[in-house]
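Source file: upload06.cif. Holds: mmCIF, C-alpha atoms and all ligand atoms.
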data_run
loop_
_atom_site.label_atom_id
_atom_site.label_comp_id
_atom_site.auth_asym_id
_atom_site.auth_seq_id
_atom_site.Cartn_x
_atom_site.Cartn_y
_atom_site.Cartn_z
CA MET A 1 16.94 -136.53 31.21
CA CYS A 2 15.09 -134.52 33.84
CA ARG A 3 15.32 -130.82 33.03
CA LEU A 4 14.64 -129.38 36.46
CA VAL A 5 14.98 -129.89 40.18
CA VAL A 6 12.83 -128.47 42.97
CA THR A 7 14.14 -126.48 45.93
CA THR A 8 12.81 -123.97 48.45
CA SER A 9 13.44 -120.32 49.20
CA ARG A 10 16.26 -119.72 51.72
CA ASN A 11 15.58 -120.67 55.38
CA PRO A 12 12.49 -122.73 54.55
CA THR A 13 9.90 -123.86 57.06
CA ALA A 14 9.16 -127.58 57.40
CA GLU A 15 5.91 -126.88 55.51
CA LEU A 16 7.79 -125.41 52.51
CA ARG A 17 10.18 -128.37 52.48
CA ALA A 18 7.20 -130.75 52.47
CA GLN A 19 5.60 -128.78 49.61
CA ALA A 20 8.88 -128.99 47.64
CA GLU A 21 8.84 -132.78 48.07
CA GLN A 22 5.24 -132.90 46.75
CA TRP A 23 6.10 -130.73 43.73
CA ALA A 24 9.10 -132.96 42.97
CA ARG A 25 6.88 -136.05 43.02
CA ARG A 26 4.31 -134.40 40.70
CA LEU A 27 7.05 -133.37 38.27
CA GLY A 28 8.86 -136.71 38.43
CA THR A 29 12.09 -135.17 39.66
CA LYS A 30 13.94 -134.62 42.93
CA SER A 31 13.84 -132.00 45.63
CA VAL A 32 17.22 -130.64 46.77
CA ALA A 33 18.18 -128.60 49.84
CA ARG A 34 18.59 -124.91 49.12
CA SER A 35 21.23 -124.25 51.83
CA ALA A 36 22.95 -120.98 50.98
CA ARG A 37 23.25 -121.80 47.28
CA ARG A 38 22.42 -119.42 44.43
CA LEU A 39 20.02 -120.84 41.85
CA ALA A 40 22.73 -120.84 39.17
CA THR A 41 24.88 -122.96 41.51
CA ILE A 42 22.03 -125.46 42.08
CA ALA A 43 21.42 -125.69 38.30
CA ALA A 44 25.15 -126.32 37.72
CA ASP A 45 25.49 -128.78 40.64
CA GLU A 46 22.46 -130.77 39.44
CA ASN A 47 23.28 -130.42 35.73
CA VAL A 48 19.79 -129.15 34.82
CA PRO A 49 18.69 -125.91 33.14
CA GLY A 50 15.74 -125.29 35.48
CA VAL A 51 15.07 -124.87 39.20
CA LEU A 52 11.56 -124.63 40.65
CA VAL A 53 11.64 -122.63 43.88
CA ILE A 54 8.88 -123.22 46.42
CA GLY A 55 8.56 -120.03 48.43
CA ALA A 56 5.98 -118.57 50.80
CA ALA A 57 4.58 -116.24 48.11
CA ARG A 58 4.30 -118.62 45.15
CA PRO A 59 6.19 -121.34 43.28
CA THR A 60 8.49 -119.80 40.67
CA TYR A 61 10.43 -121.61 37.97
CA TYR A 62 13.83 -120.22 36.94
CA GLU A 63 16.33 -121.00 34.21
CA PRO A 64 19.34 -119.07 35.54
CA ALA A 65 21.39 -119.26 32.31
CA SER A 66 18.78 -117.28 30.37
CA SER A 67 17.17 -115.37 33.31
CA LEU A 68 13.85 -117.01 32.43
CA GLU A 69 11.30 -116.72 35.23
CA TYR A 70 7.86 -118.35 35.06
CA PHE A 71 5.01 -118.39 37.56
CA PHE A 72 1.27 -118.77 37.35
CA HIS A 73 -0.94 -115.72 36.97
CA PRO A 74 -4.26 -115.52 35.19
CA SER A 75 -3.07 -112.87 32.74
CA MET A 76 -5.96 -110.85 31.24
CA ALA A 77 -8.74 -113.16 32.46
CA LYS A 78 -10.09 -110.73 35.07
CA VAL A 79 -10.18 -107.78 32.63
CA ARG A 80 -11.89 -109.92 30.00
CA ILE A 81 -14.54 -111.10 32.48
CA HIS A 82 -15.09 -107.45 33.45
CA ASN A 83 -15.57 -106.63 29.75
CA ILE A 84 -18.23 -109.33 29.49
CA LYS A 85 -19.96 -108.11 32.66
CA THR A 86 -20.07 -104.56 31.34
CA GLY A 87 -21.50 -105.59 27.96
CA ARG A 88 -18.35 -105.24 25.86
CA GLY A 89 -18.16 -108.97 25.24
CA ASP A 90 -15.16 -111.12 24.40
CA PRO A 91 -14.25 -112.30 20.89
CA MET A 92 -13.26 -115.81 22.01
CA ILE A 93 -16.63 -116.24 23.73
CA THR A 94 -18.35 -114.92 20.58
CA ALA A 95 -16.43 -117.39 18.41
CA MET A 96 -17.48 -120.22 20.77
CA SER A 97 -21.11 -118.92 20.97
CA LEU A 98 -20.65 -119.84 24.62
CA THR A 99 -23.41 -119.64 27.19
CA GLY A 100 -24.29 -120.90 30.70
CA GLY A 101 -24.23 -124.69 31.07
CA ASP A 102 -21.94 -125.32 28.06
CA GLN A 103 -19.02 -127.78 28.20
CA VAL A 104 -15.60 -126.78 26.84
CA LEU A 105 -12.38 -128.71 26.28
CA ASP A 106 -9.38 -126.33 26.18
CA CYS A 107 -6.62 -128.38 24.54
CA THR A 108 -3.89 -125.77 25.10
CA LEU A 109 -4.31 -124.63 28.71
CA GLY A 110 -1.05 -122.64 29.15
CA ARG A 111 -1.68 -120.03 31.87
CA ALA A 112 -5.40 -120.80 31.68
CA ALA A 113 -6.60 -117.25 30.95
CA ASP A 114 -8.89 -118.46 28.15
CA ALA A 115 -10.14 -121.37 30.28
CA ILE A 116 -10.95 -119.02 33.18
CA VAL A 117 -13.01 -116.72 30.94
CA ALA A 118 -14.82 -119.74 29.47
CA SER A 119 -15.41 -121.17 32.97
CA TRP A 120 -16.93 -117.89 34.16
CA VAL A 121 -19.30 -117.84 31.16
CA VAL A 122 -20.44 -121.48 31.40
CA GLY A 123 -20.94 -121.11 35.17
CA PRO A 124 -21.46 -123.85 37.76
CA ARG A 125 -23.86 -125.78 35.50
CA GLY A 126 -21.22 -125.99 32.78
CA LYS A 127 -17.78 -127.61 32.61
CA VAL A 128 -14.31 -126.59 31.44
CA VAL A 129 -11.53 -129.16 31.12
CA GLY A 130 -8.01 -127.89 30.37
CA ILE A 131 -5.17 -129.98 28.93
CA GLU A 132 -1.50 -128.97 29.01
CA LYS A 133 1.38 -131.11 27.79
CA VAL A 134 4.48 -129.39 29.25
CA PRO A 135 4.86 -130.62 32.86
CA ILE A 136 6.03 -127.37 34.50
CA ILE A 137 3.30 -125.31 32.76
CA ALA A 138 0.65 -127.94 33.52
CA GLN A 139 1.54 -128.35 37.20
CA MET A 140 1.76 -124.57 37.71
CA ALA A 141 -1.71 -124.19 36.15
CA ILE A 142 -3.21 -127.10 38.13
CA ALA A 143 -1.94 -125.60 41.41
CA GLY A 144 -2.58 -121.96 40.46
CA LEU A 145 -6.19 -122.58 39.44
CA GLN A 146 -6.81 -123.97 42.95
CA ASP A 147 -4.63 -121.64 45.07
CA TYR A 148 -4.23 -118.28 43.32
CA GLU A 149 -5.92 -115.59 45.37
CA ILE A 150 -8.06 -113.28 43.30
CA SER A 151 -11.16 -111.16 43.74
CA PRO A 152 -14.03 -110.87 43.06
CA ALA A 153 -15.25 -114.24 44.33
CA ASP A 154 -16.99 -115.20 41.07
CA VAL A 155 -13.63 -115.08 39.22
CA ALA A 156 -11.98 -117.21 41.93
CA GLU A 157 -14.86 -119.69 41.76
CA ALA A 158 -14.58 -119.87 37.96
CA MET A 159 -10.87 -120.74 38.40
CA ARG A 160 -11.54 -123.41 41.05
CA ARG A 161 -14.15 -125.15 38.85
CA ILE A 162 -11.72 -125.84 35.96
CA LYS A 163 -10.54 -129.43 35.74
CA ALA A 164 -6.91 -129.19 34.60
CA TYR A 165 -4.77 -132.15 33.53
CA GLN A 166 -1.21 -132.72 32.35
CA ALA A 167 -1.65 -134.55 29.06
CA ASP A 168 -1.04 -134.37 25.32
CA TYR A 169 -4.23 -133.30 23.57
CA ASN A 170 -3.65 -135.82 20.76
CA GLU A 171 -3.82 -138.62 23.31
CA TYR A 172 -6.63 -137.04 25.34
CA LEU A 173 -8.78 -136.50 22.25
CA SER A 174 -8.23 -140.05 21.02
CA ASN A 175 -9.54 -141.39 24.38
CA CYS A 176 -12.47 -138.96 24.60
CA PRO A 177 -15.97 -140.22 23.77
CA ASP A 178 -17.66 -138.68 20.71
CA ASN A 179 -19.72 -135.53 21.38
CA GLU A 180 -18.35 -135.19 24.92
CA PHE A 181 -18.04 -131.37 24.79
CA ASP A 182 -19.89 -128.51 23.10
CA ILE A 183 -16.66 -126.76 22.05
CA VAL A 184 -13.07 -127.94 21.63
CA TYR A 185 -10.59 -125.05 21.68
CA PHE A 186 -6.97 -124.70 20.49
CA ASP A 187 -4.69 -121.71 21.11
CA PRO A 188 -1.36 -122.93 19.72
CA ILE A 189 1.88 -120.97 19.99
CA PHE A 190 2.02 -118.62 16.97
CA ASP A 191 4.90 -119.28 14.61
CA GLU A 192 5.85 -115.58 14.74
CA PRO A 193 5.33 -113.85 18.09
CA LEU A 194 3.21 -110.72 18.40
CA GLU A 195 5.79 -108.17 19.59
CA ARG A 196 3.46 -106.68 22.17
CA SER A 197 2.79 -109.97 23.98
CA LEU A 198 5.75 -109.59 26.36
CA ALA A 199 3.79 -111.27 29.17
CA ILE A 200 3.68 -114.47 27.15
CA VAL A 201 7.45 -114.62 26.45
CA PRO A 202 8.42 -117.08 29.27
CA LEU A 203 5.42 -119.27 28.40
CA ARG A 204 6.47 -119.19 24.76
CA VAL A 205 9.99 -120.36 25.63
CA LEU A 206 8.74 -123.26 27.75
CA ALA A 207 5.73 -124.26 25.64
CA ASP A 208 5.37 -127.05 23.13
CA ASP A 209 5.15 -125.11 19.86
CA GLU A 210 3.67 -127.85 17.71
CA PRO A 211 1.12 -126.38 15.26
CA VAL A 212 -2.41 -127.78 15.29
CA GLY A 213 -2.69 -130.26 12.45
CA ALA A 214 -5.62 -131.54 10.44
CA GLY A 215 -5.45 -134.88 12.30
CA ALA A 216 -6.00 -133.26 15.72
CA ILE A 217 -8.81 -131.10 14.32
CA GLU A 218 -10.45 -134.18 12.80
CA GLN A 219 -10.37 -135.85 16.24
CA ALA A 220 -11.63 -132.68 17.92
CA LEU A 221 -14.57 -132.57 15.49
CA GLN A 222 -15.60 -136.04 16.76
CA VAL A 223 -15.48 -134.83 20.35
CA ALA A 224 -17.20 -131.44 19.81
CA ARG A 225 -20.98 -131.27 19.53
CA ARG A 226 -21.05 -127.68 18.21
CA GLY A 227 -17.62 -126.71 16.94
CA VAL A 228 -13.85 -126.51 17.08
CA VAL A 229 -12.40 -123.03 17.66
CA ILE A 230 -8.77 -122.22 16.84
CA LYS A 231 -6.99 -118.96 17.70
CA GLN A 232 -4.46 -117.79 15.12
CA ARG A 233 -2.53 -114.74 13.95
CA VAL A 234 -4.23 -112.93 11.09
CA GLY A 235 -2.56 -114.01 7.87
CA THR A 236 -1.80 -117.53 9.04
CA GLY A 237 -1.54 -120.10 6.30
CA LEU A 238 -3.39 -122.64 8.46
CA TRP A 239 -6.90 -122.05 7.12
CA ASP A 240 -5.82 -122.72 3.52
CA GLU A 241 -4.06 -125.93 4.54
CA LEU A 242 -7.12 -127.42 6.25
CA PRO A 243 -9.65 -129.57 4.42
CA PHE A 244 -12.52 -127.95 6.39
CA SER A 245 -14.63 -124.89 5.87
CA VAL A 246 -13.63 -122.24 8.43
CA GLU A 247 -15.67 -119.25 9.60
CA LEU A 248 -13.42 -116.41 10.82
CA ILE A 249 -14.23 -114.19 13.82
CA SER A 250 -12.06 -111.11 14.54
CA GLY A 251 -10.03 -111.19 17.75
CA SER A 252 -9.38 -108.59 20.45
CA SER A 253 -6.65 -107.01 18.32
CA SER A 254 -6.54 -106.63 14.55
CA ARG A 255 -3.76 -109.24 14.46
CA ILE A 256 -5.72 -112.11 16.02
CA GLU A 257 -8.63 -114.11 14.69
CA TYR A 258 -10.59 -117.22 15.63
CA GLY A 259 -11.40 -119.93 13.11
CA VAL A 260 -14.62 -121.82 13.81
CA ILE A 261 -15.06 -125.26 12.26
CA LYS A 262 -18.42 -127.00 12.58
CA PRO A 263 -18.70 -130.81 12.81
C1 LIG A 301 -0.37 -120.09 23.50
S1 LIG A 301 -0.34 -121.22 24.83
C2 LIG A 301 -2.00 -121.21 25.40
C3 LIG A 301 -2.33 -120.03 26.24
C4 LIG A 301 -3.67 -120.18 26.92
N1 LIG A 301 -4.76 -120.17 25.94
C5 LIG A 301 -3.90 -119.12 27.97
O1 LIG A 301 -4.98 -118.48 27.98
O2 LIG A 301 -2.99 -118.95 28.82
C6 LIG A 301 -0.30 -122.83 24.08
C7 LIG A 301 -0.10 -123.95 25.11
O3 LIG A 301 -0.44 -125.21 24.52
C8 LIG A 301 0.48 -126.19 24.97
N2 LIG A 301 0.50 -127.33 24.04
C9 LIG A 301 1.10 -127.42 22.82
N3 LIG A 301 0.91 -128.63 22.26
C10 LIG A 301 0.16 -129.34 23.16
C11 LIG A 301 -0.36 -130.67 23.15
N4 LIG A 301 -0.12 -131.51 22.14
N5 LIG A 301 -1.11 -131.06 24.19
C12 LIG A 301 -1.36 -130.22 25.23
N6 LIG A 301 -0.87 -128.95 25.30
C13 LIG A 301 -0.12 -128.52 24.29
C14 LIG A 301 1.79 -125.42 25.03
O4 LIG A 301 2.75 -126.07 25.84
C15 LIG A 301 1.33 -124.06 25.60
O5 LIG A 301 1.37 -124.04 26.99
#
Kindly return the structure encoded in the file as structure tokens.
Ligand SMILES: C[S@@+](CC[C@H](N)C(=O)[O-])C[C@H]1O[C@@H](n2cnc3c(N)ncnc32)[C@H](O)[C@@H]1O
Amino acid sequence: MCRLVVTTSRNPTAELRAQAEQWARRLGTKSVARSARRLATIAADENVPGVLVIGAARPTYYEPASSLEYFFHPSMAKVRIHNIKTGRGDPMITAMSLTGGDQVLDCTLGRAADAIVASWVVGPRGKVVGIEKVPIIAQMAIAGLQDYEISPADVAEAMRRIKAYQADYNEYLSNCPDNEFDIVYFDPIFDEPLERSLAIVPLRVLADDEPVGAGAIEQALQVARRGVVIKQRVGTGLWDELPFSVELISGSSSRIEYGVIKP
């Protein structure tokens, strides 16, 4: 069953209606006329929980029953890039030992903040590919990475260079040639949320919350020339469950850490 329909803001231009049709095709669903209807009415009429609204400002996804609202924004990417520029560094980049020209596969793209920081560091000579399984999150990221207006120009360029795809990383990894990337990265949904991460709440609700298993890491180790990096909450049981030796790097808060596994 399709879980969403696409519509426009009220009184749409022909251009917005055409964009709504394109979004519907990309998401494998239908576009419906907004008319004077409230979003809750459209959701009820169409028997779906979600409505993606194509408006002049940005596409926004709503689930009226729970007041969930989701749109693309690059979260802390700009601040993190500023930290790197001003010599304060970034723990994810440290864990990846990332430098200009490197190639990164981000298996859990989400809102792409991590991918944007990685893309800025690897620069135009490098490559970042981002994979996201959940269609609405993936399509928002694919469009947002191309269209989101942001300054300075080097951050916008880092966003535009990312190659983002809607796919399941298990499938993508199994079709990827050996040693295709320097680093393969996973940032799975934590089993217990960090209370302060309010910005991530809508993403958390929509996301696939499958934990990263040993099988996916095994495949990632085939694909990664230098290492697999996994972000986790401190105190996770994951490291003890894995049959690999894991080096731990502290994260940006005392509650986050990165596990680095070498091939
Ligand atoms: C915590 S979020 C990642 C946030 C991201 N690092 C960022 O900077 O915005 C985890 C994402 O991985 C996605 N995901 C989970 N399992 C996946 C899979 N098998 N293949 C691709 N994406 C997956 C989830 O839907 C979610 O969007």
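Among A:Ile150, A:Cys107, A:Leu145, A:Met140, the residue with the shortest atom-to-atom distance to ligand LIG 301 (chain A), counting all atoms listed in the file, is A:Cys107.
In this comparison, which uses all atoms listed in the file, the residue of A:Arg88, A:Glu218, A:Glu46, A:Thr94 approaching Tyr258 of chain A most closely is A:Thr94.
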Q) By how many Å are atom CA of Asp208 of chain A and atom CA of Gly130 of chain A apart? A)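 Rounded to one decimal, the two atoms are 15.2 Å apart.
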Q | Residues within 8 Å of ligand LIG 301 (chain A), counting all atoms listed in the file, as a ChimeraX atom specification | A | /A:74-75,77,106-116,131-134,137-138,166-170,186-190,200,203-204,206-212
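In this model, the gap between atom CA of Ser252 of chain A and atom CA of Asp90 of chain A comes to 7.4 Å.
The smallest atom-to-atom distance between Asn179 of chain A and any of A:Ala214, A:Leu105, A:Val201, A:Ile42, using all atoms listed in the file, is found for A:Leu105.
With all atoms listed in the file as the basis for measurement, A:Phe72 is the residue among A:Ala40, A:Arg10, A:Phe72, A:Val51 that approaches Pro202 of chain A most closely.
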Q. Which residues, protein or nucleic acid, reach to within 9 Å of (3.4, -131.7, 40.9) in the file's coordinates when using only C-alpha atoms, and can you give that as JSON, numbers by chain?
A. {"A": [22, 23, 24, 25, 26, 27, 28, 135, 136, 138, 139, 140, 142, 143]}
Q.
With distances taken over all atoms listed in the file, which residue among A:Ala156, A:Ala220, A:Leu52, A:Val104 lies nearest Gln19 of chain A?
A.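 Of all the options, A:Leu52 lies closest to Gln19 of chain A.
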(Q) Just to confirm, what's the straight-line distance from atom CA of Gly50 of chain A to atom CA of Tyr62 of chain A in Å (one decimal)? (A) 5.6 Å
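In this comparison, which uses all atoms listed in the file, the residue of A:Glu21, A:Gly144, A:Gly100, A:Ile84 approaching Arg58 of chain A most closely is A:Gly144.
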Return the padded bounding box of segment 14-18 of chain A as JSON: axis-aligned, built from all atoms listed in the file, 6 Å added on each side, with centre and edge lengths in Å to one decimal.
{"center_x": 8.0, "center_y": -128.1, "center_z": 54.9, "size_x": 16.3, "size_y": 17.3, "size_z": 16.9}
Q. What's the 9 Å shell around Arg160 of chain A, counting only C-alpha atoms, without same-chain residues fewer than 2 positions away, as a VMD selection string?
A. chain A and resid 145 to 147 155 to 158 162 to 163
Nearby residues, (-13.2, -120.1, 18.7) file frame, 8 Å, all atoms listed in the file, as a compact mmCIF listing (two decimals) with C-alpha atoms, keeping the file's coordinate frame:
# COMPACT_ATOMS: atom_id res chain seq x y z
CA MET A 92 -13.26 -115.81 22.01
CA ILE A 93 -16.63 -116.24 23.73
CA THR A 94 -18.35 -114.92 20.58
CA ALA A 95 -16.43 -117.39 18.41
CA MET A 96 -17.48 -120.22 20.77
CA TYR A 185 -10.59 -125.05 21.68
CA PHE A 186 -6.97 -124.70 20.49
CA VAL A 228 -13.85 -126.51 17.08
CA VAL A 229 -12.40 -123.03 17.66
CA ILE A 230 -8.77 -122.22 16.84
CA LYS A 231 -6.99 -118.96 17.70
CA ILE A 249 -14.23 -114.19 13.82
CA TYR A 258 -10.59 -117.22 15.63
CA GLY A 259 -11.40 -119.93 13.11
CA VAL A 260 -14.62 -121.82 13.81
